[in-house]
Amino acid sequence: MTKNIQDSIFYKTFFDIYGAYPTGLSNAPGRVNLIGEFTDYNNGFVLPCALQYSTRILFKKRSDNVINVYSTHYPGETERFDVSEEIVPGDSQWGNYIRAVAFVFKREGFLLNGFDILIDSDVPQGSGLSSSAALEVSVGGMFNYACELGLPASTVAVLGQAAENDFIDCQCGVMDQMISACGVKGHAMLLDCESLETQAVSIPDDLAIVIVNSNYPRKLVDSEYNQRRIDCEQAAKKMQVSTLRGADMAKLNAVKASLSSNEYKRAHHVISENQRVLDAVEALKNNDMTVLRELMRASHQSLKYDFEVTVPATDGLVRICAAALQDRGAVRMTGGGFGGAIVCLCRTDDIASITKAVEAEYEKEFNLVANIYVCSAGEGLKVTTI
């Protein structure tokens, strides 16, 4: 690994920028969520998987408190701030993620050094594969390792979530950062978002993860997300539970008359989705495609009709891929919805069928070209000395 880095253009670029070689490498992956959508901020269960795509940071400690950042994706741009001063948002959108992580580490009382940093990533941006969480976890991993803070990977994840919540002002759950920090190669992760307990769930060797990005242009949907969160909170309040994690169908139906139509539907999705996650863990353990297919089909239908976050383009991709796979695969929307991607679990022999069907039908029907990513389960955060 170290030798490969030292032979890379990435490594040489660091020297060209800073006039010295890096001393460390921090690497954190993107992710896909196999099942368990909108359950995380309701303290429920999720089943994400780290991917082979990752965000890498080459770094070298400085003798002062200045952090200098370059990115291979934004040539000519630079980010620079002093961690001994108040950390506030800057002009660079991508640079603010580095500021955000430094901000929360400093807020928690950790003493940070200055660094020279170069970022590179092959996590596809805008595909719902959580390039932002990969960046936050990679930066946090660098701080933890190089400043000798001794934090477990799960704490790096929680601090990454806080960076996004409190500095970037995106109210995400902790799922993306946890799988990026703690993923196990060849495994998905069952995450209990209430206790933060994790369980590695082996993905069968003959099972492929295929992600199809719809490239549907997302509109401004923050208000839609916020309203769904409010609906979930109101439903929990009327059931007299702190979050929907403490609810079940009996409690939901007992208060149905007091709920708005949307409050009932949102809660119905979350409660049923939590059970689908637990059932999917068992199905993966048994390599049972029949059960996986039904669980993912039900999840997509629930996201379409109960949570109302699908669009015709993603519904169309699910239909196209499901028809191509028949009983040989499982398909559903993944991520935040209102566009974004779908995920297919299928045998490796059937990847060609999905690709052929999407290329033949999707553009013709929706006037959009999809990106197809054949993925494997990668490992979580890794930081090494070079």
# chains A, B, ... in the order shown; residues from 1 in each chain; ligands from 1
$ select_by_dssp --residues "segment 21-231 of chain A" --states "alpha helix (DSSP H)" --output "number ranges by chain"
A: 95-107, 131-146, 153-166, 175-182, 222-231
$ residues_around --residues "Asn144 of chain A" --least-positions-apart "6" --cutoff "12 Å" --atoms "only C-alpha atoms" --output "VMD selection string"
chain A and resid 26 101 to 102 105 to 106 110 to 113 137 to 138 150 to 157 159 to 160 381 to 384
$ residues_around --residues "segment 239-248 of chain A" --least-positions-apart "2" --cutoff "6 Å" --atoms "only C-alpha atoms" --output "list in words"
Asn42, Asn43, Gly44, Ala236, Lys237, Ala250 and Lys251 of chain A
$ write_last_selection --atoms "all heavy atoms" --output "short mmCIF file (atom, residue, chain, number, x, y, z; two decimals), in the first residue's frame"
data_model
loop_
_atom_site.label_atom_id
_atom_site.label_comp_id
_atom_site.auth_asym_id
_atom_site.auth_seq_id
_atom_site.Cartn_x
_atom_site.Cartn_y
_atom_site.Cartn_z
N ASN A 42 -34.75 8.36 13.25
CA ASN A 42 -35.79 7.86 14.15
C ASN A 42 -35.24 6.80 15.11
O ASN A 42 -35.99 6.02 15.69
CB ASN A 42 -36.95 7.29 13.33
CG ASN A 42 -37.75 8.37 12.63
OD1 ASN A 42 -38.46 9.13 13.28
ND2 ASN A 42 -37.64 8.45 11.31
N ASN A 43 -33.90 6.76 15.25
CA ASN A 43 -33.20 5.84 16.16
C ASN A 43 -33.44 4.37 15.81
O ASN A 43 -33.43 3.51 16.69
CB ASN A 43 -33.59 6.09 17.62
CG ASN A 43 -32.80 7.23 18.23
OD1 ASN A 43 -31.93 7.80 17.57
ND2 ASN A 43 -33.11 7.57 19.46
N GLY A 44 -33.63 4.09 14.53
CA GLY A 44 -33.94 2.74 14.11
C GLY A 44 -32.72 1.97 13.62
O GLY A 44 -31.58 2.23 14.01
N ALA A 236 -44.60 10.11 16.78
CA ALA A 236 -44.01 9.53 18.00
C ALA A 236 -44.61 10.18 19.24
O ALA A 236 -44.94 9.49 20.23
CB ALA A 236 -42.49 9.71 17.98
N LYS A 237 -44.75 11.49 19.20
CA LYS A 237 -45.30 12.23 20.35
C LYS A 237 -46.72 11.76 20.67
O LYS A 237 -47.08 11.56 21.84
CB LYS A 237 -45.29 13.73 20.03
CG LYS A 237 -45.67 14.63 21.19
CD LYS A 237 -45.52 16.09 20.79
CE LYS A 237 -45.90 17.01 21.95
NZ LYS A 237 -45.77 18.44 21.55
N ALA A 250 -49.13 -1.89 16.51
CA ALA A 250 -50.27 -1.84 17.43
C ALA A 250 -50.43 -0.43 18.01
O ALA A 250 -51.54 0.12 18.07
CB ALA A 250 -50.10 -2.87 18.54
N LYS A 251 -49.32 0.16 18.45
CA LYS A 251 -49.37 1.53 18.98
C LYS A 251 -49.78 2.52 17.91
O LYS A 251 -50.55 3.46 18.17
CB LYS A 251 -48.00 1.92 19.55
CG LYS A 251 -47.66 1.26 20.87
CD LYS A 251 -46.30 1.75 21.38
CE LYS A 251 -45.97 1.09 22.72
NZ LYS A 251 -44.63 1.47 23.21
#
$ residues_around --residues "segment 188-193 of chain A" --least-positions-apart "6" --cutoff "10 Å" --atoms "only C-alpha atoms" --output "PyMOL selection string"
chain A and resi 31-36+39-51+173-175+178-179+182+199-203+245+274+277-278+280-281+284+377-379
$ residues_around --residues "Lys356 of chain A" --least-positions-apart "6" --cutoff "12 Å" --atoms "only C-alpha atoms" --output "ChimeraX atom specification"
/A:320-321,323-325,350,362-363,370,372
$ write_last_selection --atoms "C-alpha atoms" --output "mmCIF file, in the first residue's frame"
data_model
loop_
_atom_site.group_PDB
_atom_site.id
_atom_site.type_symbol
_atom_site.label_atom_id
_atom_site.label_comp_id
_atom_site.auth_asym_id
_atom_site.auth_seq_id
_atom_site.Cartn_x
_atom_site.Cartn_y
_atom_site.Cartn_z
ATOM 1 C CA ILE A 320 -36.497 -2.002 -15.582
ATOM 2 C CA CYS A 321 -33.948 -3.796 -13.367
ATOM 3 C CA ALA A 323 -37.896 -7.103 -14.990
ATOM 4 C CA ALA A 324 -34.377 -7.911 -16.204
ATOM 5 C CA LEU A 325 -33.544 -9.886 -13.075
ATOM 6 C CA ASP A 350 -26.709 -11.167 -13.948
ATOM 7 C CA TYR A 362 -33.922 4.068 -19.489
ATOM 8 C CA GLU A 363 -32.778 6.868 -21.802
ATOM 9 C CA ALA A 370 -27.830 6.453 -15.996
ATOM 10 C CA ILE A 372 -23.898 2.077 -13.451
#
$ select_by_dssp --residues "segment 200-326 of chain A" --states "strand (DSSP E or B)" --output "VMD selection string"
chain A and resid 200 to 202 207 to 213
$ write_last_selection --atoms "all heavy atoms" --output "PDB file, in the first residue's frame"
ATOM      1  N   ALA A 200     -21.252  -6.817  11.985  1.00  0.00           N
ATOM      2  CA  ALA A 200     -20.816  -7.068  10.610  1.00  0.00           C
ATOM      3  C   ALA A 200     -21.616  -8.237  10.041  1.00  0.00           C
ATOM      4  O   ALA A 200     -21.728  -9.291  10.667  1.00  0.00           O
ATOM      5  CB  ALA A 200     -19.328  -7.376  10.575  1.00  0.00           C
ATOM      6  N   VAL A 201     -22.197  -8.029   8.870  1.00  0.00           N
ATOM      7  CA  VAL A 201     -23.036  -9.043   8.225  1.00  0.00           C
ATOM      8  C   VAL A 201     -22.384  -9.427   6.901  1.00  0.00           C
ATOM      9  O   VAL A 201     -22.286  -8.611   5.981  1.00  0.00           O
ATOM     10  CB  VAL A 201     -24.461  -8.493   7.978  1.00  0.00           C
ATOM     11  CG1 VAL A 201     -25.323  -9.567   7.324  1.00  0.00           C
ATOM     12  CG2 VAL A 201     -25.087  -8.001   9.280  1.00  0.00           C
ATOM     13  N   SER A 202     -21.926 -10.658   6.810  1.00  0.00           N
ATOM     14  CA  SER A 202     -21.194 -11.113   5.626  1.00  0.00           C
ATOM     15  C   SER A 202     -22.062 -11.062   4.371  1.00  0.00           C
ATOM     16  O   SER A 202     -23.231 -11.458   4.393  1.00  0.00           O
ATOM     17  CB  SER A 202     -20.685 -12.541   5.849  1.00  0.00           C
ATOM     18  OG  SER A 202     -19.966 -12.988   4.725  1.00  0.00           O
ATOM     19  N   LEU A 207     -22.650 -12.653  -4.536  1.00  0.00           N
ATOM     20  CA  LEU A 207     -23.626 -11.565  -4.592  1.00  0.00           C
ATOM     21  C   LEU A 207     -22.931 -10.270  -5.005  1.00  0.00           C
ATOM     22  O   LEU A 207     -21.937  -9.860  -4.399  1.00  0.00           O
ATOM     23  CB  LEU A 207     -24.278 -11.383  -3.220  1.00  0.00           C
ATOM     24  CG  LEU A 207     -25.658 -10.717  -3.189  1.00  0.00           C
ATOM     25  CD1 LEU A 207     -26.667 -11.562  -3.966  1.00  0.00           C
ATOM     26  CD2 LEU A 207     -26.131 -10.553  -1.747  1.00  0.00           C
ATOM     27  N   ALA A 208     -23.442  -9.633  -6.047  1.00  0.00           N
ATOM     28  CA  ALA A 208     -22.902  -8.361  -6.523  1.00  0.00           C
ATOM     29  C   ALA A 208     -23.804  -7.219  -6.072  1.00  0.00           C
ATOM     30  O   ALA A 208     -25.024  -7.378  -5.925  1.00  0.00           O
ATOM     31  CB  ALA A 208     -22.806  -8.362  -8.040  1.00  0.00           C
ATOM     32  N   ILE A 209     -23.185  -6.060  -5.828  1.00  0.00           N
ATOM     33  CA  ILE A 209     -23.921  -4.843  -5.493  1.00  0.00           C
ATOM     34  C   ILE A 209     -23.809  -3.909  -6.691  1.00  0.00           C
ATOM     35  O   ILE A 209     -22.715  -3.458  -7.036  1.00  0.00           O
ATOM     36  CB  ILE A 209     -23.330  -4.164  -4.246  1.00  0.00           C
ATOM     37  CG1 ILE A 209     -23.313  -5.124  -3.061  1.00  0.00           C
ATOM     38  CG2 ILE A 209     -24.107  -2.894  -3.899  1.00  0.00           C
ATOM     39  CD1 ILE A 209     -22.432  -4.667  -1.914  1.00  0.00           C
ATOM     40  N   VAL A 210     -24.931  -3.639  -7.323  1.00  0.00           N
ATOM     41  CA  VAL A 210     -24.936  -2.783  -8.508  1.00  0.00           C
ATOM     42  C   VAL A 210     -25.745  -1.532  -8.186  1.00  0.00           C
ATOM     43  O   VAL A 210     -26.916  -1.623  -7.793  1.00  0.00           O
ATOM     44  CB  VAL A 210     -25.528  -3.501  -9.738  1.00  0.00           C
ATOM     45  CG1 VAL A 210     -25.485  -2.589 -10.961  1.00  0.00           C
ATOM     46  CG2 VAL A 210     -24.782  -4.798 -10.012  1.00  0.00           C
ATOM     47  N   ILE A 211     -25.102  -0.383  -8.326  1.00  0.00           N
ATOM     48  CA  ILE A 211     -25.758   0.896  -8.059  1.00  0.00           C
ATOM     49  C   ILE A 211     -25.989   1.600  -9.382  1.00  0.00           C
ATOM     50  O   ILE A 211     -25.075   1.714 -10.205  1.00  0.00           O
ATOM     51  CB  ILE A 211     -24.896   1.769  -7.127  1.00  0.00           C
ATOM     52  CG1 ILE A 211     -24.678   1.041  -5.794  1.00  0.00           C
ATOM     53  CG2 ILE A 211     -25.536   3.132  -6.902  1.00  0.00           C
ATOM     54  CD1 ILE A 211     -23.536   1.595  -4.986  1.00  0.00           C
ATOM     55  N   VAL A 212     -27.210   2.060  -9.595  1.00  0.00           N
ATOM     56  CA  VAL A 212     -27.555   2.759 -10.826  1.00  0.00           C
ATOM     57  C   VAL A 212     -28.013   4.170 -10.457  1.00  0.00           C
ATOM     58  O   VAL A 212     -29.043   4.334  -9.791  1.00  0.00           O
ATOM     59  CB  VAL A 212     -28.660   2.024 -11.614  1.00  0.00           C
ATOM     60  CG1 VAL A 212     -28.868   2.708 -12.971  1.00  0.00           C
ATOM     61  CG2 VAL A 212     -28.324   0.550 -11.792  1.00  0.00           C
ATOM     62  N   ASN A 213     -27.236   5.164 -10.852  1.00  0.00           N
ATOM     63  CA  ASN A 213     -27.582   6.555 -10.570  1.00  0.00           C
ATOM     64  C   ASN A 213     -28.504   7.074 -11.662  1.00  0.00           C
ATOM     65  O   ASN A 213     -28.159   7.051 -12.847  1.00  0.00           O
ATOM     66  CB  ASN A 213     -26.307   7.409 -10.491  1.00  0.00           C
ATOM     67  CG  ASN A 213     -26.609   8.861 -10.194  1.00  0.00           C
ATOM     68  OD1 ASN A 213     -27.668   9.198  -9.685  1.00  0.00           O
ATOM     69  ND2 ASN A 213     -25.675   9.734 -10.498  1.00  0.00           N
TER      70      ASN A 213
END
$ closest_atom_pairs --of "segment 306-364 of chain A" --to "segment 115-133 of chain A" --cutoff "7 Å" --atoms "only C-alpha atoms" --output "JSON lines"
{"residue": "A:Gly335", "atom": "CA", "partner": "A:Gly128", "partner_atom": "CA", "distance": 6.0}
{"residue": "A:Gly340", "atom": "CA", "partner": "A:Gly128", "partner_atom": "CA", "distance": 5.9}
{"residue": "A:Ala341", "atom": "CA", "partner": "A:Ser127", "partner_atom": "CA", "distance": 6.4}
$ residues_around --residues "Tyr305 of chain A" --least-positions-apart "4" --cutoff "9 Å" --atoms "only C-alpha atoms" --output "short mmCIF file (atom, residue, chain, number, x, y, z; two decimals) with all heavy atoms, in the first residue's frame"
data_model
loop_
_atom_site.label_atom_id
_atom_site.label_comp_id
_atom_site.auth_asym_id
_atom_site.auth_seq_id
_atom_site.Cartn_x
_atom_site.Cartn_y
_atom_site.Cartn_z
N LYS A 265 -48.71 7.71 7.58
CA LYS A 265 -47.95 7.06 6.50
C LYS A 265 -46.44 7.07 6.80
O LYS A 265 -45.76 6.06 6.60
CB LYS A 265 -48.22 7.74 5.17
CG LYS A 265 -49.60 7.46 4.61
CD LYS A 265 -49.74 7.90 3.16
CE LYS A 265 -49.66 9.40 3.00
NZ LYS A 265 -49.89 9.81 1.58
N HIS A 269 -44.16 3.70 7.46
CA HIS A 269 -42.93 3.34 6.74
C HIS A 269 -41.80 3.00 7.70
O HIS A 269 -41.15 1.97 7.55
CB HIS A 269 -42.47 4.48 5.82
CG HIS A 269 -41.06 4.29 5.36
ND1 HIS A 269 -40.70 3.35 4.40
CD2 HIS A 269 -39.88 4.85 5.79
CE1 HIS A 269 -39.38 3.37 4.25
NE2 HIS A 269 -38.86 4.27 5.07
N HIS A 300 -39.14 -0.43 -1.29
CA HIS A 300 -39.33 0.57 -2.34
C HIS A 300 -40.79 1.04 -2.39
O HIS A 300 -41.05 2.25 -2.52
CB HIS A 300 -38.92 0.02 -3.70
CG HIS A 300 -38.98 1.07 -4.78
ND1 HIS A 300 -37.96 1.97 -4.98
CD2 HIS A 300 -39.96 1.39 -5.66
CE1 HIS A 300 -38.30 2.80 -5.95
NE2 HIS A 300 -39.52 2.46 -6.39
N GLN A 301 -41.72 0.11 -2.29
CA GLN A 301 -43.13 0.48 -2.32
C GLN A 301 -43.49 1.39 -1.15
O GLN A 301 -44.26 2.35 -1.30
CB GLN A 301 -44.01 -0.78 -2.30
CG GLN A 301 -43.92 -1.63 -3.55
CD GLN A 301 -44.35 -0.90 -4.80
OE1 GLN A 301 -43.53 -0.48 -5.61
NE2 GLN A 301 -45.66 -0.72 -4.96
N VAL A 309 -41.00 9.63 -1.50
CA VAL A 309 -39.71 10.25 -1.86
C VAL A 309 -39.14 9.72 -3.18
O VAL A 309 -38.04 10.11 -3.56
CB VAL A 309 -38.66 10.05 -0.74
CG1 VAL A 309 -39.03 10.85 0.49
CG2 VAL A 309 -38.46 8.58 -0.40
N THR A 310 -39.87 8.84 -3.86
CA THR A 310 -39.39 8.39 -5.16
C THR A 310 -39.86 9.35 -6.25
O THR A 310 -40.73 10.19 -6.02
CB THR A 310 -39.87 6.96 -5.49
OG1 THR A 310 -41.28 7.00 -5.79
CG2 THR A 310 -39.62 6.00 -4.33
#
$ residues_around --residues "Tyr70 of chain A" --least-positions-apart "5" --cutoff "12 Å" --atoms "only C-alpha atoms" --output "PyMOL selection string"
chain A and resi 10+13-18+57-59+75-80+92+94-95+98+115-120
$ write_last_selection --atoms "N, CA and C atoms" --output "mmCIF file, in the first residue's frame"
data_model
loop_
_atom_site.group_PDB
_atom_site.id
_atom_site.type_symbol
_atom_site.label_atom_id
_atom_site.label_comp_id
_atom_site.auth_asym_id
_atom_site.auth_seq_id
_atom_site.Cartn_x
_atom_site.Cartn_y
_atom_site.Cartn_z
ATOM 1 N N PHE A 10 -0.475 11.045 -7.310
ATOM 2 C CA PHE A 10 -1.027 11.673 -6.109
ATOM 3 C C PHE A 10 0.096 12.079 -5.150
ATOM 4 N N THR A 13 2.284 14.752 -6.655
ATOM 5 C CA THR A 13 1.587 16.042 -6.663
ATOM 6 C C THR A 13 1.723 16.741 -5.320
ATOM 7 N N PHE A 14 1.656 15.977 -4.233
ATOM 8 C CA PHE A 14 1.839 16.560 -2.906
ATOM 9 C C PHE A 14 3.191 17.269 -2.829
ATOM 10 N N PHE A 15 4.231 16.595 -3.317
ATOM 11 C CA PHE A 15 5.576 17.187 -3.300
ATOM 12 C C PHE A 15 5.640 18.444 -4.165
ATOM 13 N N ASP A 16 4.997 18.383 -5.327
ATOM 14 C CA ASP A 16 5.009 19.543 -6.226
ATOM 15 C C ASP A 16 4.366 20.764 -5.564
ATOM 16 N N ILE A 17 3.327 20.518 -4.753
ATOM 17 C CA ILE A 17 2.610 21.621 -4.101
ATOM 18 C C ILE A 17 3.378 22.149 -2.895
ATOM 19 N N TYR A 18 3.839 21.229 -2.059
ATOM 20 C CA TYR A 18 4.369 21.627 -0.751
ATOM 21 C C TYR A 18 5.897 21.587 -0.644
ATOM 22 N N ILE A 57 -6.540 11.094 1.808
ATOM 23 C CA ILE A 57 -5.880 12.335 2.199
ATOM 24 C C ILE A 57 -4.413 12.046 2.485
ATOM 25 N N LEU A 58 -3.534 12.688 1.743
ATOM 26 C CA LEU A 58 -2.115 12.704 2.088
ATOM 27 C C LEU A 58 -1.875 13.903 2.993
ATOM 28 N N PHE A 59 -1.086 13.702 4.056
ATOM 29 C CA PHE A 59 -0.903 14.806 5.004
ATOM 30 C C PHE A 59 0.503 14.832 5.583
ATOM 31 N N PRO A 75 -8.389 21.911 -9.092
ATOM 32 C CA PRO A 75 -7.069 22.505 -9.332
ATOM 33 C C PRO A 75 -7.165 24.032 -9.365
ATOM 34 N N GLY A 76 -6.180 24.658 -8.770
ATOM 35 C CA GLY A 76 -6.188 26.120 -8.727
ATOM 36 C C GLY A 76 -6.880 26.687 -7.515
ATOM 37 N N GLU A 77 -7.698 25.851 -6.823
ATOM 38 C CA GLU A 77 -8.355 26.303 -5.593
ATOM 39 C C GLU A 77 -7.541 25.842 -4.383
ATOM 40 N N THR A 78 -7.605 26.610 -3.336
ATOM 41 C CA THR A 78 -6.932 26.216 -2.104
ATOM 42 C C THR A 78 -7.762 26.637 -0.912
ATOM 43 N N GLU A 79 -7.568 25.961 0.195
ATOM 44 C CA GLU A 79 -8.237 26.279 1.461
ATOM 45 C C GLU A 79 -7.150 26.489 2.506
ATOM 46 N N ARG A 80 -7.315 27.522 3.328
ATOM 47 C CA ARG A 80 -6.298 27.831 4.340
ATOM 48 C C ARG A 80 -6.981 28.471 5.544
ATOM 49 N N SER A 92 -15.048 28.452 0.149
ATOM 50 C CA SER A 92 -14.991 27.192 -0.599
ATOM 51 C C SER A 92 -15.988 26.184 -0.030
ATOM 52 N N TRP A 94 -16.281 22.905 -0.733
ATOM 53 C CA TRP A 94 -15.609 21.662 -0.324
ATOM 54 C C TRP A 94 -14.677 21.922 0.854
ATOM 55 N N GLY A 95 -14.053 23.113 0.883
ATOM 56 C CA GLY A 95 -13.161 23.448 1.984
ATOM 57 C C GLY A 95 -13.864 23.543 3.318
ATOM 58 N N ILE A 98 -13.615 20.485 5.635
ATOM 59 C CA ILE A 98 -12.401 20.361 6.453
ATOM 60 C C ILE A 98 -12.507 21.292 7.653
ATOM 61 N N PHE A 115 -1.580 21.389 9.383
ATOM 62 C CA PHE A 115 -1.283 20.313 8.437
ATOM 63 C C PHE A 115 -1.196 20.864 7.028
ATOM 64 N N ASP A 116 -0.388 20.230 6.217
ATOM 65 C CA ASP A 116 -0.468 20.368 4.768
ATOM 66 C C ASP A 116 -1.203 19.141 4.255
ATOM 67 N N ILE A 117 -2.231 19.364 3.437
ATOM 68 C CA ILE A 117 -3.154 18.286 3.057
ATOM 69 C C ILE A 117 -3.397 18.306 1.548
ATOM 70 N N LEU A 118 -3.463 17.103 0.964
ATOM 71 C CA LEU A 118 -3.909 16.947 -0.424
ATOM 72 C C LEU A 118 -4.985 15.868 -0.452
ATOM 73 N N ILE A 119 -6.117 16.198 -1.071
ATOM 74 C CA ILE A 119 -7.275 15.300 -1.107
ATOM 75 C C ILE A 119 -7.472 14.751 -2.512
ATOM 76 N N ASP A 120 -7.786 13.450 -2.569
ATOM 77 C CA ASP A 120 -8.165 12.806 -3.830
ATOM 78 C C ASP A 120 -9.320 11.861 -3.530
#
$ atom_distance --atom1 "atom CA of Glu233 of chain A" --atom2 "atom CA of Ala267 of chain A"
8.9 Å
$ closest_residue --among "A:Glu37, A:Asp169, A:Asp288, A:Glu86" --to "Phe307 of chain A" --atoms "only C-alpha atoms"
A:Glu37
$ closest_residue --among "A:Val184, A:Ala235, A:Ala20, A:Ala163" --to "Gly380 of chain A" --atoms "only C-alpha atoms"
A:Val184
$ closest_residue --among "A:Asn27, A:Phe167, A:Val69, A:Ala298" --to "Pro89 of chain A" --atoms "only C-alpha atoms"
A:Phe167
$ closest_residue --among "A:Gln161, A:Gln52, A:Asn371, A:Asn96" --to "Tyr216 of chain A" --atoms "only C-alpha atoms"
A:Asn371
$ closest_residue --among "A:Leu149, A:Val291, A:Ser214, A:Lys364" --to "Glu108 of chain A" --atoms "only C-alpha atoms"
A:Leu149
$ atom_distance --atom1 "atom CA of Lys219 of chain A" --atom2 "atom CA of Leu368 of chain A"
15.7 Å
$ atom_distance --atom1 "atom CA of Val318 of chain A" --atom2 "atom CA of Asp279 of chain A"
20.9 Å
